[in-house]
file start16.cif (mmCIF, C-alpha atoms)
data_run
loop_
_atom_site.group_PDB
_atom_site.id
_atom_site.type_symbol
_atom_site.label_atom_id
_atom_site.label_comp_id
_atom_site.auth_asym_id
_atom_site.auth_seq_id
_atom_site.Cartn_x
_atom_site.Cartn_y
_atom_site.Cartn_z
ATOM 1 C CA MET A 1 79.825 114.710 98.707
ATOM 2 C CA GLN A 2 82.532 113.699 101.193
ATOM 3 C CA VAL A 3 84.671 110.660 100.383
ATOM 4 C CA HIS A 4 87.033 109.011 102.881
ATOM 5 C CA LEU A 5 90.210 107.308 101.636
ATOM 6 C CA VAL A 6 91.752 104.998 104.245
ATOM 7 C CA ASP A 7 95.471 104.201 104.113
ATOM 8 C CA GLY A 8 95.301 100.556 105.151
ATOM 9 C CA HIS A 9 98.973 99.742 105.684
ATOM 10 C CA VAL A 10 99.556 102.562 108.171
ATOM 11 C CA TYR A 11 96.942 101.136 110.510
ATOM 12 C CA ILE A 12 97.998 97.520 109.983
ATOM 13 C CA PHE A 13 101.518 98.287 111.219
ATOM 14 C CA ARG A 14 100.191 100.391 114.077
ATOM 15 C CA ALA A 15 97.833 97.601 115.139
ATOM 16 C CA TYR A 16 100.573 94.979 114.989
ATOM 17 C CA PHE A 17 102.906 96.869 117.292
ATOM 18 C CA SER A 18 100.179 97.821 119.771
ATOM 19 C CA MET A 19 98.392 94.474 120.169
ATOM 20 C CA PRO A 20 99.422 91.418 122.207
ATOM 21 C CA GLU A 21 99.938 88.131 120.399
ATOM 22 C CA MET A 22 96.716 86.538 119.198
ATOM 23 C CA LEU A 23 96.198 83.244 117.399
ATOM 24 C CA ALA A 24 93.292 81.857 115.404
ATOM 25 C CA PRO A 25 92.071 78.362 116.303
ATOM 26 C CA ASP A 26 94.370 76.942 113.614
ATOM 27 C CA GLY A 27 97.388 78.779 115.085
ATOM 28 C CA THR A 28 97.530 81.600 112.520
ATOM 29 C CA PRO A 29 98.643 84.916 114.074
ATOM 30 C CA THR A 30 95.851 87.487 113.981
ATOM 31 C CA GLN A 31 96.736 90.399 116.293
ATOM 32 C CA ALA A 32 97.415 92.897 113.489
ATOM 33 C CA ALA A 33 94.222 91.949 111.674
ATOM 34 C CA TYR A 34 92.206 92.104 114.898
ATOM 35 C CA GLY A 35 93.577 95.541 115.758
ATOM 36 C CA PHE A 36 92.959 96.681 112.185
ATOM 37 C CA ALA A 37 89.371 95.422 112.371
ATOM 38 C CA ASN A 38 88.836 97.387 115.564
ATOM 39 C CA THR A 39 90.272 100.504 113.920
ATOM 40 C CA LEU A 40 87.869 100.181 110.994
ATOM 41 C CA LEU A 41 84.910 99.539 113.291
ATOM 42 C CA ARG A 42 85.733 102.627 115.306
ATOM 43 C CA PHE A 43 86.124 104.670 112.135
ATOM 44 C CA LEU A 44 82.802 103.487 110.703
ATOM 45 C CA SER A 45 80.990 104.161 113.978
ATOM 46 C CA GLU A 46 82.470 107.587 114.650
ATOM 47 C CA ARG A 47 82.783 109.082 111.163
ATOM 48 C CA ARG A 48 79.658 107.504 109.641
ATOM 49 C CA PRO A 49 80.988 107.625 106.065
ATOM 50 C CA THR A 50 78.724 107.211 103.082
ATOM 51 C CA HIS A 51 81.560 106.867 100.545
ATOM 52 C CA LEU A 52 84.970 105.381 101.255
ATOM 53 C CA VAL A 53 87.793 103.194 100.020
ATOM 54 C CA CYS A 54 90.425 101.189 101.863
ATOM 55 C CA CYS A 55 93.708 101.386 99.938
ATOM 56 C CA PHE A 56 96.614 98.972 100.307
ATOM 57 C CA ASP A 57 100.170 98.619 99.077
ATOM 58 C CA PHE A 58 100.235 95.836 96.499
ATOM 59 C CA GLY A 59 103.373 94.374 98.085
ATOM 60 C CA MET A 60 106.399 95.343 100.132
ATOM 61 C CA SER A 61 108.148 96.822 97.088
ATOM 62 C CA SER A 62 107.108 99.122 94.252
ATOM 63 C CA PHE A 63 108.510 100.880 91.197
ATOM 64 C CA ARG A 64 110.411 103.122 93.621
ATOM 65 C CA ASN A 65 112.695 100.220 94.514
ATOM 66 C CA ASP A 66 113.766 100.054 90.868
ATOM 67 C CA VAL A 67 114.671 103.748 90.990
ATOM 68 C CA PHE A 68 116.329 103.603 94.427
ATOM 69 C CA PRO A 69 117.060 100.061 95.728
ATOM 70 C CA GLY A 70 117.457 101.306 99.290
ATOM 71 C CA TYR A 71 113.883 102.602 99.415
ATOM 72 C CA LYS A 72 112.133 101.153 102.496
ATOM 73 C CA ALA A 73 114.886 98.524 102.633
ATOM 74 C CA SER A 74 114.789 98.158 106.407
ATOM 75 C CA ARG A 75 111.009 97.760 106.393
ATOM 76 C CA VAL A 76 111.169 94.984 103.810
ATOM 77 C CA ASP A 77 114.016 93.201 105.595
ATOM 78 C CA GLU A 78 112.419 93.487 109.021
ATOM 79 C CA VAL A 79 108.789 92.540 108.402
ATOM 80 C CA PRO A 80 108.041 90.203 111.319
ATOM 81 C CA GLU A 81 107.366 86.636 110.277
ATOM 82 C CA ASP A 82 103.993 86.599 112.016
ATOM 83 C CA LEU A 83 102.891 89.849 110.350
ATOM 84 C CA ALA A 84 103.433 88.822 106.723
ATOM 85 C CA PRO A 85 100.381 86.513 106.453
ATOM 86 C CA GLN A 86 98.144 89.121 108.070
ATOM 87 C CA PHE A 87 98.255 91.640 105.204
ATOM 88 C CA GLU A 88 95.897 89.523 103.114
ATOM 89 C CA MET A 89 93.798 88.861 106.211
ATOM 90 C CA CYS A 90 93.365 92.607 106.677
ATOM 91 C CA LYS A 91 92.059 92.916 103.120
ATOM 92 C CA GLN A 92 89.580 90.159 103.966
ATOM 93 C CA VAL A 93 88.510 92.155 107.020
ATOM 94 C CA ALA A 94 87.909 95.277 104.931
ATOM 95 C CA ARG A 95 85.914 93.394 102.311
ATOM 96 C CA ALA A 96 83.879 91.574 104.986
ATOM 97 C CA LEU A 97 82.933 94.976 106.382
ATOM 98 C CA GLY A 98 81.771 96.027 102.931
ATOM 99 C CA LEU A 99 84.608 98.462 102.240
ATOM 100 C CA PRO A 100 85.776 98.785 98.633
ATOM 101 C CA VAL A 101 89.430 97.658 98.495
ATOM 102 C CA PHE A 102 91.810 99.278 96.010
ATOM 103 C CA GLU A 103 95.404 98.358 95.176
ATOM 104 C CA ALA A 104 97.592 98.367 92.079
ATOM 105 C CA ALA A 105 100.544 96.184 91.128
ATOM 106 C CA GLY A 106 103.842 98.053 91.347
ATOM 107 C CA TYR A 107 102.381 100.974 93.286
ATOM 108 C CA GLU A 108 101.812 101.952 96.889
ATOM 109 C CA ALA A 109 98.614 102.886 98.673
ATOM 110 C CA ASP A 110 99.793 106.531 98.588
ATOM 111 C CA ASP A 111 99.722 106.481 94.789
ATOM 112 C CA VAL A 112 96.292 104.871 94.664
ATOM 113 C CA ILE A 113 94.992 107.478 97.108
ATOM 114 C CA ALA A 114 96.523 110.337 95.095
ATOM 115 C CA THR A 115 94.938 109.062 91.885
ATOM 116 C CA LEU A 116 91.546 108.803 93.576
ATOM 117 C CA VAL A 117 91.920 112.293 95.068
ATOM 118 C CA ASP A 118 92.473 113.901 91.672
ATOM 119 C CA GLY A 119 89.530 112.033 90.167
ATOM 120 C CA LEU A 120 87.216 112.933 93.040
ATOM 121 C CA LEU A 121 88.175 116.589 92.916
ATOM 122 C CA ALA A 122 87.253 116.590 89.243
ATOM 123 C CA GLU A 123 83.814 115.340 90.328
ATOM 124 C CA ASP A 124 83.515 118.202 92.826
ATOM 125 C CA CYS A 125 83.830 115.968 95.904
ATOM 126 C CA GLY A 126 85.468 116.733 99.202
ATOM 127 C CA VAL A 127 88.068 114.200 100.365
ATOM 128 C CA GLU A 128 89.336 113.151 103.761
ATOM 129 C CA VAL A 129 92.524 111.086 103.557
ATOM 130 C CA VAL A 130 92.681 108.885 106.661
ATOM 131 C CA SER A 131 96.347 108.334 107.453
ATOM 132 C CA SER A 132 99.231 109.402 109.678
ATOM 133 C CA ASP A 133 101.691 109.266 106.747
ATOM 134 C CA LYS A 134 103.349 112.675 106.370
ATOM 135 C CA ASP A 135 103.969 111.984 102.664
ATOM 136 C CA LEU A 136 100.243 112.351 102.068
ATOM 137 C CA SER A 137 100.335 115.943 103.345
ATOM 138 C CA GLN A 138 101.224 116.878 99.766
ATOM 139 C CA LEU A 139 97.634 116.054 98.762
ATOM 140 C CA VAL A 140 96.073 118.645 101.071
ATOM 141 C CA THR A 141 94.560 121.489 99.067
ATOM 142 C CA GLU A 142 94.518 125.200 99.751
ATOM 143 C CA ASP A 143 90.762 125.383 99.246
ATOM 144 C CA GLY A 144 90.086 122.881 102.044
ATOM 145 C CA ARG A 145 88.562 120.217 99.804
ATOM 146 C CA VAL A 146 91.271 117.678 100.711
ATOM 147 C CA ARG A 147 92.319 117.240 104.318
ATOM 148 C CA LEU A 148 94.464 114.684 106.129
ATOM 149 C CA HIS A 149 92.968 112.973 109.186
ATOM 150 C CA ASP A 150 94.966 110.882 111.653
ATOM 151 C CA LEU A 151 92.451 108.487 113.159
ATOM 152 C CA GLN A 152 94.583 107.530 116.153
ATOM 153 C CA ARG A 153 95.541 111.056 117.205
ATOM 154 C CA GLU A 154 92.182 112.525 116.142
ATOM 155 C CA THR A 155 93.895 115.390 114.338
ATOM 156 C CA THR A 156 92.988 116.831 110.964
ATOM 157 C CA LEU A 157 95.324 118.917 108.831
ATOM 158 C CA ASP A 158 94.217 121.484 106.311
ATOM 159 C CA ALA A 159 96.745 123.566 104.367
ATOM 160 C CA ASP A 160 97.404 125.894 107.299
ATOM 161 C CA GLY A 161 97.816 122.854 109.536
ATOM 162 C CA VAL A 162 100.449 121.439 107.183
ATOM 163 C CA ARG A 163 102.303 124.761 107.250
ATOM 164 C CA GLU A 164 102.141 124.886 111.038
ATOM 165 C CA LYS A 165 103.445 121.323 111.372
ATOM 166 C CA PHE A 166 106.164 121.305 108.701
ATOM 167 C CA GLY A 167 106.788 124.972 107.921
ATOM 168 C CA VAL A 168 106.094 124.516 104.202
ATOM 169 C CA ASP A 169 103.134 124.496 101.837
ATOM 170 C CA PRO A 170 101.513 121.110 101.075
ATOM 171 C CA ALA A 171 102.892 121.185 97.525
ATOM 172 C CA GLN A 172 106.429 121.558 98.937
ATOM 173 C CA ILE A 173 106.325 118.383 101.029
ATOM 174 C CA PRO A 174 108.315 116.276 98.491
ATOM 175 C CA ASP A 175 111.062 118.952 98.402
ATOM 176 C CA TYR A 176 110.998 119.140 102.196
ATOM 177 C CA LEU A 177 111.380 115.360 102.584
ATOM 178 C CA ALA A 178 114.201 115.345 100.050
ATOM 179 C CA LEU A 179 116.095 117.919 102.120
ATOM 180 C CA VAL A 180 115.527 116.503 105.610
ATOM 181 C CA GLY A 181 115.350 112.831 104.633
ATOM 182 C CA ASP A 182 112.829 110.255 105.785
ATOM 183 C CA LYS A 183 114.009 107.530 108.165
ATOM 184 C CA VAL A 184 110.747 105.629 107.837
ATOM 185 C CA ASP A 185 111.313 105.168 104.096
ATOM 186 C CA ASP A 186 115.125 104.951 104.370
ATOM 187 C CA LEU A 187 115.571 108.070 102.263
ATOM 188 C CA PRO A 188 118.673 110.190 102.862
ATOM 189 C CA GLY A 189 118.472 113.950 103.223
ATOM 190 C CA VAL A 190 120.980 116.656 102.401
ATOM 191 C CA PRO A 191 123.643 117.034 105.144
ATOM 192 C CA GLY A 192 123.154 120.172 107.210
ATOM 193 C CA TYR A 193 119.457 120.522 106.427
ATOM 194 C CA GLY A 194 117.175 120.071 109.409
ATOM 195 C CA LYS A 195 113.470 120.756 109.660
ATOM 196 C CA LYS A 196 113.914 124.478 110.313
ATOM 197 C CA SER A 197 116.612 125.179 107.730
ATOM 198 C CA ALA A 198 114.731 123.183 105.084
ATOM 199 C CA ALA A 199 111.565 125.176 105.758
ATOM 200 C CA VAL A 200 113.467 128.476 105.603
ATOM 201 C CA ALA A 201 115.191 127.484 102.354
ATOM 202 C CA LEU A 202 111.964 126.431 100.690
ATOM 203 C CA GLY A 203 110.196 129.531 101.975
ATOM 204 C CA ALA A 204 112.864 131.678 100.379
ATOM 205 C CA PHE A 205 113.553 129.766 97.152
ATOM 206 C CA GLY A 206 110.418 127.715 96.510
ATOM 207 C CA CYS A 207 111.935 124.358 95.612
ATOM 208 C CA ILE A 208 115.189 122.409 95.533
ATOM 209 C CA ASP A 209 115.927 123.620 92.008
ATOM 210 C CA GLY A 210 115.957 127.228 93.190
ATOM 211 C CA ILE A 211 118.214 126.852 96.239
ATOM 212 C CA PRO A 212 121.518 128.657 95.474
ATOM 213 C CA ASP A 213 124.763 126.736 95.711
ATOM 214 C CA GLU A 214 126.761 129.899 96.361
ATOM 215 C CA LEU A 215 126.615 131.949 99.545
ATOM 216 C CA ALA A 216 125.880 135.165 97.663
ATOM 217 C CA GLY A 217 122.502 133.799 96.684
ATOM 218 C CA TRP A 218 121.486 133.493 100.344
ATOM 219 C CA GLU A 219 121.787 137.191 101.078
ATOM 220 C CA GLY A 220 118.835 138.371 103.130
ATOM 221 C CA VAL A 221 117.779 134.838 104.172
ATOM 222 C CA THR A 222 117.786 134.475 107.943
ATOM 223 C CA VAL A 223 119.179 131.036 108.600
ATOM 224 C CA ARG A 224 122.178 129.661 110.459
ATOM 225 C CA GLY A 225 125.005 128.109 108.483
ATOM 226 C CA ALA A 226 124.041 129.495 105.090
ATOM 227 C CA ALA A 227 127.526 128.876 103.706
ATOM 228 C CA ARG A 228 127.343 125.190 104.568
ATOM 229 C CA LEU A 229 123.792 124.886 103.252
ATOM 230 C CA ALA A 230 124.951 126.343 99.938
ATOM 231 C CA ARG A 231 127.907 123.920 99.740
ATOM 232 C CA GLU A 232 125.843 120.884 100.634
ATOM 233 C CA ILE A 233 123.062 121.549 98.144
ATOM 234 C CA ALA A 234 125.720 121.988 95.468
ATOM 235 C CA ALA A 235 127.200 118.600 96.370
ATOM 236 C CA HIS A 236 123.892 116.749 96.837
ATOM 237 C CA ARG A 237 121.418 118.433 94.483
ATOM 238 C CA GLU A 238 121.204 115.468 92.102
ATOM 239 C CA GLN A 239 120.503 113.112 94.985
ATOM 240 C CA ALA A 240 117.900 115.493 96.424
ATOM 241 C CA LEU A 241 116.086 115.702 93.104
ATOM 242 C CA GLN A 242 115.967 111.915 92.912
ATOM 243 C CA ILE A 243 114.628 111.654 96.464
ATOM 244 C CA ARG A 244 112.010 114.284 95.659
ATOM 245 C CA GLU A 245 110.847 112.115 92.773
ATOM 246 C CA LEU A 246 110.507 109.138 95.116
ATOM 247 C CA ALA A 247 108.607 111.218 97.687
ATOM 248 C CA THR A 248 106.162 112.537 95.090
ATOM 249 C CA VAL A 249 102.962 110.521 94.808
ATOM 250 C CA VAL A 250 101.808 109.208 91.454
ATOM 251 C CA ARG A 251 98.493 110.749 90.438
ATOM 252 C CA LYS A 252 97.690 108.567 87.443
ATOM 253 C CA VAL A 253 97.910 104.928 88.503
ATOM 254 C CA PRO A 254 96.680 102.718 85.636
ATOM 255 C CA GLY A 255 93.349 101.059 86.277
ATOM 256 C CA ILE A 256 92.348 103.213 89.257
ATOM 257 C CA ARG A 257 89.062 105.042 88.729
ATOM 258 C CA SER A 258 87.038 107.218 91.074
ATOM 259 C CA ASP A 259 83.525 106.223 90.060
ATOM 260 C CA LEU A 260 81.351 107.292 93.013
ATOM 261 C CA SER A 261 78.979 104.377 92.491
ATOM 262 C CA ASP A 262 81.866 102.035 93.377
ATOM 263 C CA LEU A 263 82.702 103.920 96.571
ATOM 264 C CA VAL A 264 79.359 103.788 98.397
ATOM 265 C CA TRP A 265 79.478 102.044 101.766
ATOM 266 C CA GLU A 266 76.338 99.937 101.967
ATOM 267 C CA GLY A 267 77.279 98.138 105.171
ATOM 268 C CA ALA A 268 78.781 94.729 105.787
ATOM 269 C CA PRO A 269 77.444 91.943 103.550
ATOM 270 C CA ALA A 270 75.021 89.807 105.534
ATOM 271 C CA GLY A 271 76.952 87.436 107.783
ATOM 272 C CA ALA A 272 80.324 88.041 106.112
ATOM 273 C CA PHE A 273 82.133 89.752 108.975
ATOM 274 C CA GLU A 274 80.549 87.509 111.603
ATOM 275 C CA ALA A 275 81.674 84.418 109.688
ATOM 276 C CA LEU A 276 85.229 85.762 109.438
ATOM 277 C CA CYS A 277 85.279 86.582 113.158
ATOM 278 C CA ASN A 278 84.081 83.072 113.998
ATOM 279 C CA GLU A 279 86.752 81.549 111.768
ATOM 280 C CA LEU A 280 89.466 83.603 113.462
ATOM 281 C CA GLY A 281 88.165 83.139 117.004
ATOM 282 C CA TRP A 282 87.439 86.815 117.611
ATOM 283 C CA GLY A 283 84.409 86.528 119.836
ATOM 284 C CA ARG A 284 81.608 89.048 119.459
ATOM 285 C CA ILE A 285 83.253 92.079 117.843
ATOM 286 C CA ALA A 286 80.920 91.449 114.899
ATOM 287 C CA ASP A 287 78.164 92.887 117.092
ATOM 288 C CA ARG A 288 79.833 96.286 116.766
ATOM 289 C CA VAL A 289 79.370 96.659 113.008
ATOM 290 C CA PRO A 290 77.316 99.839 112.516
ATOM 291 C CA ARG A 291 74.560 100.213 109.995
ATOM 292 C CA PRO A 292 75.451 102.391 107.008
ATOM 293 C CA PRO A 293 74.117 105.938 106.944
ATOM 294 C CA ARG A 294 71.434 106.700 104.425
ATOM 295 C CA VAL A 295 72.917 107.953 101.151
ATOM 296 C CA ARG A 296 71.096 110.977 99.820
#
call {"tool": "encode", "arguments": {"input": "start16.cif", "output": "structure tokens"}}
result
Amino acid sequence: MQVHLVDGHVYIFRAYFSMPEMLAPDGTPTQAAYGFANTLLRFLSERRPTHLVCCFDFGMSSFRNDVFPGYKASRVDEVPEDLAPQFEMCKQVARALGLPVFEAAGYEADDVIATLVDGLLAEDCGVEVVSSDKDLSQLVTEDGRVRLHDLQRETTLDADGVREKFGVDPAQIPDYLALVGDKVDDLPGVPGYGKKSAAVALGAFGCIDGIPDELAGWEGVTVRGAARLAREIAAHREQALQIRELATVVRKVPGIRSDLSDLVWEGAPAGAFEALCNELGWGRIADRVPRPPRVR
């Protein structure tokens, strides 16, 4: 059984910044929701899923902001005024298309997805995580049962693909992000560590905890500036460990269950998506809703 887990917020933001301004008859902005609807319609038509979930962030902040107040600070401060009301609209779109919608207070979509992944693997399912979020690369498994698919770029990463792209194993992604930083999430890295040096360090020492803070420990490791890398990890190890914690997905979100009977896509409820499109002035895109594949 193959289950698809869609990272809703990634495609909402992408739709917003790629679509021209659109307004519903009552003046409500709808371009992000319209673009998101088109993304889901394309996904349903091309991938023909039998089981899937659309996962959303519960809000613009999570428990991570309590741990590190600067987490995603710029994203929260800079959410465009006309985008804010469209998040709930996008959930309406997903539900009108018959997609199960999952979210959890205090957590992000990444955490919900990770919790579902672990539950589905226990049920011997294969999982395709539909997202362009590099954080979710940590969920990719060595046995190929969990892969990461970017719907826009039409690329799919297995474990070897993660290694080719980042230079580290999927399980090392949180350590990697803690070393290089993540501008998207406003997370600082360790000075001196770029993508290549971080990959070399993790290849040699496994994780942040094992990286030596004295030059002697780097003997035999082929990397430029080893002395500086040793000094900087000594000065910033505590920060790096905290950032790694933030970059690590939660795999046991309370209330999230992976019951396959709740994840079946049975198609759009009769008239639901068409009614929403009419309300929002979207013309005939409702004609593009595919029929669900037969579940065996």
call {"tool": "residues_around", "arguments": {"input": "start16.cif", "residues": "segment 176-180 of chain A", "least_positions_apart": "6", "cutoff": "8 Å", "atoms": "all atoms listed in the file", "output": "PDB file with C-alpha atoms, in the coordinates of the input"}}
result
ATOM      1  CA  VAL A 168     106.094 124.516 104.202  1.00  0.00           C
ATOM      2  CA  LEU A 187     115.571 108.070 102.263  1.00  0.00           C
ATOM      3  CA  PRO A 188     118.673 110.190 102.862  1.00  0.00           C
ATOM      4  CA  GLY A 189     118.472 113.950 103.223  1.00  0.00           C
ATOM      5  CA  VAL A 190     120.980 116.656 102.401  1.00  0.00           C
ATOM      6  CA  TYR A 193     119.457 120.522 106.427  1.00  0.00           C
ATOM      7  CA  GLY A 194     117.175 120.071 109.409  1.00  0.00           C
ATOM      8  CA  LYS A 195     113.470 120.756 109.660  1.00  0.00           C
ATOM      9  CA  ALA A 198     114.731 123.183 105.084  1.00  0.00           C
ATOM     10  CA  ALA A 199     111.565 125.176 105.758  1.00  0.00           C
ATOM     11  CA  LEU A 202     111.964 126.431 100.690  1.00  0.00           C
ATOM     12  CA  ALA A 240     117.900 115.493  96.424  1.00  0.00           C
ATOM     13  CA  LEU A 241     116.086 115.702  93.104  1.00  0.00           C
ATOM     14  CA  ILE A 243     114.628 111.654  96.464  1.00  0.00           C
ATOM     15  CA  ARG A 244     112.010 114.284  95.659  1.00  0.00           C
ATOM     16  CA  ALA A 247     108.607 111.218  97.687  1.00  0.00           C
TER      17      ALA A 247
END
call {"tool": "resolve_selection", "arguments": {"input": "start16.cif", "expression": "the PyMOL selection byres ((chain A and resi 125) around 8)", "output": "ChimeraX atom specification"}}
result
/A:1-3,120-124,126-127,145
call {"tool": "residues_around", "arguments": {"input": "start16.cif", "residues": "Leu280 of chain A", "least_positions_apart": "3", "cutoff": "10 Å", "atoms": "all atoms listed in the file", "output": "list in words"}}
result
Met22, Leu23, Ala24, Pro25, Asp26, Gly27, Thr28, Pro29, Thr30, Ala33, Tyr34, Met89, Glu274, Ala275, Leu276, Cys277 and Gly283 of chain A
call {"tool": "write_last_selection", "arguments": {"input": "start16.cif", "atoms": "C-alpha atoms", "output": "compact mmCIF listing (two decimals), keeping the file's coordinate frame"}}
result
# COMPACT_ATOMS: atom_id res chain seq x y z
CA MET A 22 96.72 86.54 119.20
CA LEU A 23 96.20 83.24 117.40
CA ALA A 24 93.29 81.86 115.40
CA PRO A 25 92.07 78.36 116.30
CA ASP A 26 94.37 76.94 113.61
CA GLY A 27 97.39 78.78 115.08
CA THR A 28 97.53 81.60 112.52
CA PRO A 29 98.64 84.92 114.07
CA THR A 30 95.85 87.49 113.98
CA ALA A 33 94.22 91.95 111.67
CA TYR A 34 92.21 92.10 114.90
CA MET A 89 93.80 88.86 106.21
CA GLU A 274 80.55 87.51 111.60
CA ALA A 275 81.67 84.42 109.69
CA LEU A 276 85.23 85.76 109.44
CA CYS A 277 85.28 86.58 113.16
CA GLY A 283 84.41 86.53 119.84
call {"tool": "closest_atom_pairs", "arguments": {"input": "start16.cif", "of": "segment 64-140 of chain A", "to": "segment 13-17 of chain A", "cutoff": "10 Å", "atoms": "only C-alpha atoms", "output": "CSV"}}
result
residue,atom,partner,partner_atom,distance
A:Val79,CA,A:Phe13,CA,9.7
A:Pro80,CA,A:Tyr16,CA,9.6
A:Asp82,CA,A:Tyr16,CA,9.5
A:Leu83,CA,A:Tyr16,CA,7.3
A:Gln86,CA,A:Tyr16,CA,9.4
A:Phe87,CA,A:Phe13,CA,9.5
call {"tool": "closest_residue", "arguments": {"input": "start16.cif", "among": "A:Asn278, A:Asn38, A:Ser137, A:Thr115", "to": "Pro254 of chain A", "atoms": "all atoms listed in the file"}}
result
A:Thr115
call {"tool": "closest_residue", "arguments": {"input": "start16.cif", "among": "A:Ile285, A:Ala270, A:Leu246, A:Asp169", "to": "Val67 of chain A", "atoms": "only C-alpha atoms"}}
result
A:Leu246
call {"tool": "resolve_selection", "arguments": {"input": "start16.cif", "expression": "the PyMOL selection byres ((chain A and resi 264) around 10)", "output": "short mmCIF file (atom, residue, chain, number, x, y, z; two decimals) with C-alpha atoms, in the frame of the given file"}}
result
data_model
loop_
_atom_site.label_atom_id
_atom_site.label_comp_id
_atom_site.auth_asym_id
_atom_site.auth_seq_id
_atom_site.Cartn_x
_atom_site.Cartn_y
_atom_site.Cartn_z
CA VAL A 3 84.67 110.66 100.38
CA PRO A 49 80.99 107.62 106.06
CA THR A 50 78.72 107.21 103.08
CA HIS A 51 81.56 106.87 100.54
CA LEU A 52 84.97 105.38 101.26
CA VAL A 53 87.79 103.19 100.02
CA GLY A 98 81.77 96.03 102.93
CA LEU A 99 84.61 98.46 102.24
CA PRO A 100 85.78 98.78 98.63
CA ASP A 259 83.52 106.22 90.06
CA LEU A 260 81.35 107.29 93.01
CA SER A 261 78.98 104.38 92.49
CA ASP A 262 81.87 102.04 93.38
CA LEU A 263 82.70 103.92 96.57
CA TRP A 265 79.48 102.04 101.77
CA GLU A 266 76.34 99.94 101.97
CA GLY A 267 77.28 98.14 105.17
CA PRO A 292 75.45 102.39 107.01
CA VAL A 295 72.92 107.95 101.15
#
call {"tool": "closest_residue", "arguments": {"input": "start16.cif", "among": "A:Ile211, A:Ile256, A:Val162, A:Ile173", "to": "Ile113 of chain A", "atoms": "all atoms listed in the file"}}
result
A:Ile256
call {"tool": "atom_distance", "arguments": {"input": "start16.cif", "atom1": "atom CA of Gly181 of chain A", "atom2": "atom CA of Ser197 of chain A"}}
result
12.8 Å
call {"tool": "atom_distance", "arguments": {"input": "start16.cif", "atom1": "atom CA of Val221 of chain A", "atom2": "atom CA of Gly203 of chain A"}}
result
9.5 Å
call {"tool": "atom_distance", "arguments": {"input": "start16.cif", "atom1": "atom CA of Cys54 of chain A", "atom2": "atom CA of Ala268 of chain A"}}
result
13.9 Å
call {"tool": "decode", "arguments": {"input": "start16.cif", "residues": "segment 227-239 of chain A", "atoms": "N, CA and C atoms", "output": "PDB file, in the first residue's frame"}}
result
ATOM      1  N   ALA A 227      41.451  23.817  11.421  1.00  0.00           N
ATOM      2  CA  ALA A 227      41.719  24.480  12.700  1.00  0.00           C
ATOM      3  C   ALA A 227      40.565  25.390  13.084  1.00  0.00           C
ATOM      4  N   ARG A 228      40.073  26.156  12.093  1.00  0.00           N
ATOM      5  CA  ARG A 228      38.950  27.049  12.385  1.00  0.00           C
ATOM      6  C   ARG A 228      37.689  26.256  12.690  1.00  0.00           C
ATOM      7  N   LEU A 229      37.448  25.184  11.940  1.00  0.00           N
ATOM      8  CA  LEU A 229      36.262  24.373  12.181  1.00  0.00           C
ATOM      9  C   LEU A 229      36.269  23.807  13.599  1.00  0.00           C
ATOM     10  N   ALA A 230      37.444  23.413  14.068  1.00  0.00           N
ATOM     11  CA  ALA A 230      37.564  22.892  15.431  1.00  0.00           C
ATOM     12  C   ALA A 230      37.248  23.991  16.449  1.00  0.00           C
ATOM     13  N   ARG A 231      37.811  25.188  16.218  1.00  0.00           N
ATOM     14  CA  ARG A 231      37.567  26.308  17.156  1.00  0.00           C
ATOM     15  C   ARG A 231      36.091  26.690  17.187  1.00  0.00           C
ATOM     16  N   GLU A 232      35.487  26.755  16.017  1.00  0.00           N
ATOM     17  CA  GLU A 232      34.106  27.233  15.957  1.00  0.00           C
ATOM     18  C   GLU A 232      33.115  26.234  16.557  1.00  0.00           C
ATOM     19  N   ILE A 233      33.358  24.943  16.371  1.00  0.00           N
ATOM     20  CA  ILE A 233      32.449  23.981  16.985  1.00  0.00           C
ATOM     21  C   ILE A 233      32.613  24.004  18.499  1.00  0.00           C
ATOM     22  N   ALA A 234      33.816  24.277  18.965  1.00  0.00           N
ATOM     23  CA  ALA A 234      34.032  24.392  20.412  1.00  0.00           C
ATOM     24  C   ALA A 234      33.247  25.569  20.975  1.00  0.00           C
ATOM     25  N   ALA A 235      33.213  26.674  20.212  1.00  0.00           N
ATOM     26  CA  ALA A 235      32.548  27.886  20.688  1.00  0.00           C
ATOM     27  C   ALA A 235      31.030  27.838  20.506  1.00  0.00           C
ATOM     28  N   HIS A 236      30.551  27.035  19.551  1.00  0.00           N
ATOM     29  CA  HIS A 236      29.128  27.065  19.199  1.00  0.00           C
ATOM     30  C   HIS A 236      28.429  25.714  19.331  1.00  0.00           C
ATOM     31  N   ARG A 237      29.063  24.752  20.005  1.00  0.00           N
ATOM     32  CA  ARG A 237      28.459  23.421  20.080  1.00  0.00           C
ATOM     33  C   ARG A 237      27.090  23.455  20.764  1.00  0.00           C
ATOM     34  N   GLU A 238      26.965  24.170  21.853  1.00  0.00           N
ATOM     35  CA  GLU A 238      25.694  24.220  22.575  1.00  0.00           C
ATOM     36  C   GLU A 238      24.586  24.775  21.689  1.00  0.00           C
ATOM     37  N   GLN A 239      24.908  25.841  20.951  1.00  0.00           N
ATOM     38  CA  GLN A 239      23.931  26.404  20.031  1.00  0.00           C
ATOM     39  C   GLN A 239      23.562  25.390  18.948  1.00  0.00           C
TER      40      GLN A 239
END
